[in-house]
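J.: Below you'll find the structure I mean.
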Amino acid sequence: MTKGILRKGRLPEEMDKSAVEYTSSLLIDEEIFEADLKVTEAHVAMLIKQKIIPSEAGAKILSALQHIRAKGYSEVAKEGFEDIHEAIESKVIEIVGEQGGWLHTARSRNDEVATCLRIRLREYLLDIAESLLTLLQTLLDRARSEKDTLAPGFTHTQIAQPTTFGHLLAAHFEALARDLTRLLEVYGRVNLSPLGSGALTTTSHKIDRRLTAELLGFDGILTNSMDGVGSRDFILEALAAYALIATDLSRLCEEIVLFSSDGYKMVELADEYSSTSSIMPQKKNPDSAEIARAKCARIVGLLTAAFTLCKGLPFSYNRDFQELNAILWEGCKLTLSTLKIVERMVATLKVDRSRMRMLVEQSYATATELADTLVRECGVPFRAAHTIVGMLVKEAVEKGIEPSKINLEAINSCSKKVLGRTLSLSEEAVRNALNPATFIARREVEGGPAPQTLAKVLVEKEGWLDSMRASIKEKRLRLQMAQERLSSIVSDYLKLQ
């Protein structure tokens with residue numbers, strides 16, 4: 001195989017082997033191997049059409065690229081090369097001979113790699129979007145089935161107010177739905193072509209950037225060549241989207257760990273996603289949720305590393321960018337795998353409805369509704385009602401009075417201390433105010449946990465999921481159509497041999 005094709009002119013001496021190994025990106029370039037072949041096919045097809053290179057030479061190069069694709073990455077990515085771009089060009093020259101040297105006309109590795117990165121990244125973005133969509137559907141289905149399941153709601157990890165488990169799952173849905181929206185917005189900015197930007201100032205050859213962009217399925221081109229090769233904000237934006245997804249997934253996993261612990265026992269992780277102890281035979285540990293939580297931390301850390309790498313780099317291209325690629329692919333893989341495992345944990349999660357009801361009924365979670373009742377039925381200002389009920393709860397806790405045993409007499413005792421008078425309130429009103437089911441039913445405000453209110457929202461979200469599916473499908477179809485057009489053009493040019 002021909003090696004060192006880039007060094008023959010300016011740098012006749014071979015690069016030190018240790019320096020090659022240290023600076024080479026071949027360990028991570030398999031991610032963009034297929035993308036590079038597509039980019040090169042589109043570029044060569046454009047060069048032939050624009051009569052920049054001989055059509056026969058172009059046809060031979062295209063044939064060599066097909067041979068390389070069939071052989072696979074390991075056959076081409078031999079040690080001694082700086083990257084897969086040099087390796088592919090060297091292999092083409094080895095197969096075709098001197099005419100293979102036409103391949104890199106009007107192109108730099110700078111715009112080549114930037115284009116490859118965007119092609120591979122957009123594939124990951126769609127894969128991640130589909131996995132996120134699957135998780136969202138699972139959350140929606142579970143929220144629908146648990147919309148009547150009474151559950152404690154928490155602030156500061158303390159029981160705060162009654163809600164439903166479906167309402168909690170729907171909250172996670174909302175956060176992750178915003179993540180999906182952001183992800184598809186990132187796709188739009190990723191799917192712009194830098195090909196034709198050259199090293200940094202384009203080229204004097206009469207290339208057609210719009211044509212290569214269309215053949216590669218891009219929605220348009222980047223309109224400044226220095227920006228095209230010297231910016232990696234699209235990677236930072238993708239990693240930021242991943243970090244937001246990871247943050248929301250980590251919160252969900254934290255609740256699985258917390259709510260399955262002995263102090264809560266509200267849910268139980270399926271055996272398939274749990275482990276036991278090497279010494280304590282009774283243990284059932286939520287290891288999958290804990291590992292997912294940890295991997296989410298790594299994803300956030302990757303974003304920090306990426307920002308640190310990019311923050312001081314001048315325009316345009318810098319070799320530092322190569323290290324950014326490894327960060328990107330790790331982020332893509334971690335986000336994708338974590339989404340898949342979290343979805344399965346949620347889908348198979350066991351819910352202890354009786355336990356959650358007991359936690360609510362044994363707490364003073366309905367205190368807010370009692371205060372609101374004093375406001376509505378007795379004309380008491382809310383702050384005064386808040387003081388009365390707070391005093392009532394304090395005394396009940398000190399005396400060991402259960403929430404269900406609180407009566408009008410106790411309320412009036414506190415009212416006299418605060419207002420100097422008793423309240424015109426019935427025992428029935430007190431009972432209703434302290435009833436968790438009544439608490440939920442009265443929360444009919446948009447966004448609240450009342451089952452009929454939540455059910456309406458879930459129907460709307462089902463329609464939104466359908467629109468997101470259609471959007472992803474449309475994007476995949478556009479890429480498929482572009483690939484079919486490129487394949488057809490390459491096939492026609494191959495006949496020129």
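Ordering of the structure tokens sets the chain letters (A, B, ...); residue numbers start at 1 within each chain; ligands are numbered from 1 in the order shown.
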DSSP on the backbone: what in range 44-291 of chain A comes out helix (DSSP H, G or I), as a VMD selection string?
T.: chain A and resid 44 to 49 55 to 71 73 to 76 84 to 96 98 to 104 109 to 145 165 to 190 209 to 215 225 to 230 233 to 259 271 to 273 287 to 291
J.: Near Val92 in chain A, counting only C-alpha atoms, which residues have an atom at most 8 Å away, once you skip same-chain residues fewer than 5 positions from it, shown as an MDAnalysis selection string?
T.: chainID A and resid 61 64:65 97 100
J.: Rank nothing, just name the residue among A:Leu136, A:Leu408, A:Ala114, A:Ala292 nearest to Gly228 in chain A, using only C-alpha atoms.
T.: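 Using only C-alpha atoms, the shortest distance to Gly228 in chain A belongs to A:Ala114.
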J.: If you count only C-alpha atoms, which residues fall within 7 Å of range 296-313 of chain A, apart from same-chain ones fewer than 6 positions away, as an NGL selection string?
T.: :A and (236 or 239-240 or 242-243 or 246-247 or 250 or 324 or 327 or 331 or 334)
J.: Between range 237-281 of chain A and range 339-359 of chain A, at 9 Å or less, what are the per-residue closest atom pairs and their distances in Å? Count only C-alpha atoms, order by chain and rising residue number, and return it as CSV.
T.:
residue,atom,partner,partner_atom,distance
A:Ile245,CA,A:Leu339,CA,8.7
A:Ala246,CA,A:Leu339,CA,8.6
A:Leu249,CA,A:Val342,CA,7.5
A:Leu252,CA,A:Val342,CA,8.6
A:Cys253,CA,A:Val342,CA,7.6
A:Ile256,CA,A:Leu349,CA,8.7
A:Tyr264,CA,A:Leu359,CA,8.4
A:Lys265,CA,A:Arg355,CA,7.1
A:Met266,CA,A:Asp352,CA,5.2
A:Val267,CA,A:Val351,CA,4.6
A:Glu268,CA,A:Lys350,CA,5.0
A:Leu269,CA,A:Leu349,CA,5.2
A:Ala270,CA,A:Leu349,CA,5.9
A:Glu272,CA,A:Met345,CA,8.8
A:Tyr273,CA,A:Met345,CA,6.8
J.: Could you save the residues just selected, with C-alpha atoms, as a short mmCIF file (atom, residue, chain, number, x, y, z; two decimals), in the first residue's frame?
T.:
data_model
loop_
_atom_site.label_atom_id
_atom_site.label_comp_id
_atom_site.auth_asym_id
_atom_site.auth_seq_id
_atom_site.Cartn_x
_atom_site.Cartn_y
_atom_site.Cartn_z
CA ILE A 245 -31.42 14.31 28.09
CA ALA A 246 -28.95 12.75 30.52
CA LEU A 249 -32.86 10.54 32.64
CA LEU A 252 -35.85 9.55 36.59
CA CYS A 253 -33.28 6.93 37.59
CA ILE A 256 -36.40 4.63 40.71
CA TYR A 264 -40.33 4.22 50.36
CA LYS A 265 -41.07 0.84 48.76
CA MET A 266 -43.36 2.53 46.23
CA VAL A 267 -41.94 0.73 43.20
CA GLU A 268 -39.88 -2.33 42.46
CA LEU A 269 -37.41 -2.73 39.63
CA ALA A 270 -37.88 -5.89 37.57
CA GLU A 272 -34.02 -8.42 34.81
CA TYR A 273 -32.63 -4.98 35.69
#
J.: List the neighbours of Lys78 in chain A out to 10 Å using only C-alpha atoms; skip same-chain residues closer than 3 positions along the sequence, and give me the result as a PyMOL selection string.
T.: chain A and resi 1+3+26+73-75+81-84+87
J.: Identify, on the basis of only C-alpha atoms, every residue whose closest approach to Thr276 in chain A does not exceed 12 Å; exclude the query and any residue fewer than 4 positions from it along the same chain; express the result as a PyMOL selection string.
T.: chain A and resi 271-272+280-288
J.: Store the residues of this selection in a file with C-alpha atoms, as a short mmCIF file (atom, residue, chain, number, x, y, z; two decimals), in the first residue's frame.
T.:
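Result saved to again-v3.cif:
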data_model
loop_
_atom_site.label_atom_id
_atom_site.label_comp_id
_atom_site.auth_asym_id
_atom_site.auth_seq_id
_atom_site.Cartn_x
_atom_site.Cartn_y
_atom_site.Cartn_z
CA ASP A 271 -35.47 -8.73 38.31
CA GLU A 272 -34.02 -8.42 34.81
CA MET A 280 -26.03 -10.53 51.56
CA PRO A 281 -28.43 -13.03 49.95
CA GLN A 282 -31.55 -10.97 50.71
CA LYS A 283 -30.50 -7.95 48.63
CA LYS A 284 -32.20 -6.74 45.46
CA ASN A 285 -30.22 -3.78 44.20
CA PRO A 286 -31.33 -1.31 41.48
CA ASP A 287 -27.99 -1.56 39.70
CA SER A 288 -29.22 -0.75 36.19
#
J.: Might you pull out every residue within 10 Å of Arg120 in chain A, with only C-alpha atoms counted and same-chain residues fewer than 2 positions away left off, and present them as a ChimeraX atom specification?
T.: /A:31-36,115-118,122-125,329
J.: In Å, with one decimal, what is the gap from CA of Gln322 in chain A to CA of Ile119 in chain A?
T.: 16.1 Å
J.: Dump as CSV the rows for residues of range 139-215 of chain A within 7 Å of range 44-52 of chain A: closest atom pair and distance in Å with one decimal, only C-alpha atoms counted, ordered by chain and rising residue number.
T.:
residue,atom,partner,partner_atom,distance
A:Ile207,CA,A:Gln50,CA,6.6
A:Asp208,CA,A:Met46,CA,6.8
A:Leu211,CA,A:Met46,CA,7.0
A:Thr212,CA,A:Met46,CA,6.6
J.: As number ranges by chain, which residues of range 216-462 of chain A does DSSP assign to strand (DSSP E)?
T.: A: 267-268, 350-351
J.: Write a file of the just-selected residues containing N, CA and C atoms, as a JSON list (two decimals), in the first residue's frame.
T.:
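And here's result_10.json as it stands now:
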[["chain", "number", "residue", "atom", "x", "y", "z"],
["A", 267, "VAL", "N", -42.11, 1.45, 44.46],
["A", 267, "VAL", "CA", -41.94, 0.73, 43.20],
["A", 267, "VAL", "C", -40.91, -0.36, 43.39],
["A", 268, "GLU", "N", -40.88, -1.26, 42.44],
["A", 268, "GLU", "CA", -39.88, -2.33, 42.46],
["A", 268, "GLU", "C", -39.36, -2.53, 41.04],
["A", 350, "LYS", "N", -42.56, -2.24, 38.54],
["A", 350, "LYS", "CA", -43.73, -2.67, 39.31],
["A", 350, "LYS", "C", -44.12, -1.56, 40.29],
["A", 351, "VAL", "N", -45.42, -1.26, 40.35],
["A", 351, "VAL", "CA", -45.93, -0.17, 41.17],
["A", 351, "VAL", "C", -46.73, -0.75, 42.34]]
J.: What are the closest atom pairs, with distances in Å to one decimal, for all residues of range 169-271 of chain A lying within 9 Å of range 459-479 of chain A? Consider only C-alpha atoms, order rows by chain and residue number, and present the result as CSV.
T.:
residue,atom,partner,partner_atom,distance
A:Ala177,CA,A:Leu465,CA,8.8
A:Leu180,CA,A:Met468,CA,8.5
A:Thr181,CA,A:Met468,CA,8.4
A:Leu184,CA,A:Ile472,CA,8.3
A:Leu216,CA,A:Leu479,CA,7.5
A:Gly217,CA,A:Leu479,CA,4.9
A:Phe218,CA,A:Leu479,CA,8.0
J.: Just the selected residues (C-alpha atoms), exported as a compact mmCIF listing (two decimals), in the first residue's frame, please.
T.:
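result_21.txt was written with the following content:
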# COMPACT_ATOMS: atom_id res chain seq x y z
CA ALA A 177 -40.49 15.77 25.29
CA LEU A 180 -36.83 15.57 21.80
CA THR A 181 -37.86 18.96 20.41
CA LEU A 184 -34.66 17.74 16.22
CA LEU A 216 -25.59 13.86 0.37
CA GLY A 217 -29.05 14.72 1.71
CA PHE A 218 -28.18 18.07 3.28
J.: With a distance cut-off of 6 Å and only C-alpha atoms, select the neighbouring residues of Pro162 in chain A, excluding the residue or stretch itself and same-chain residues fewer than 4 positions from it, and output the selection as an NGL selection string.
T.: :A and (151-153 or 365)
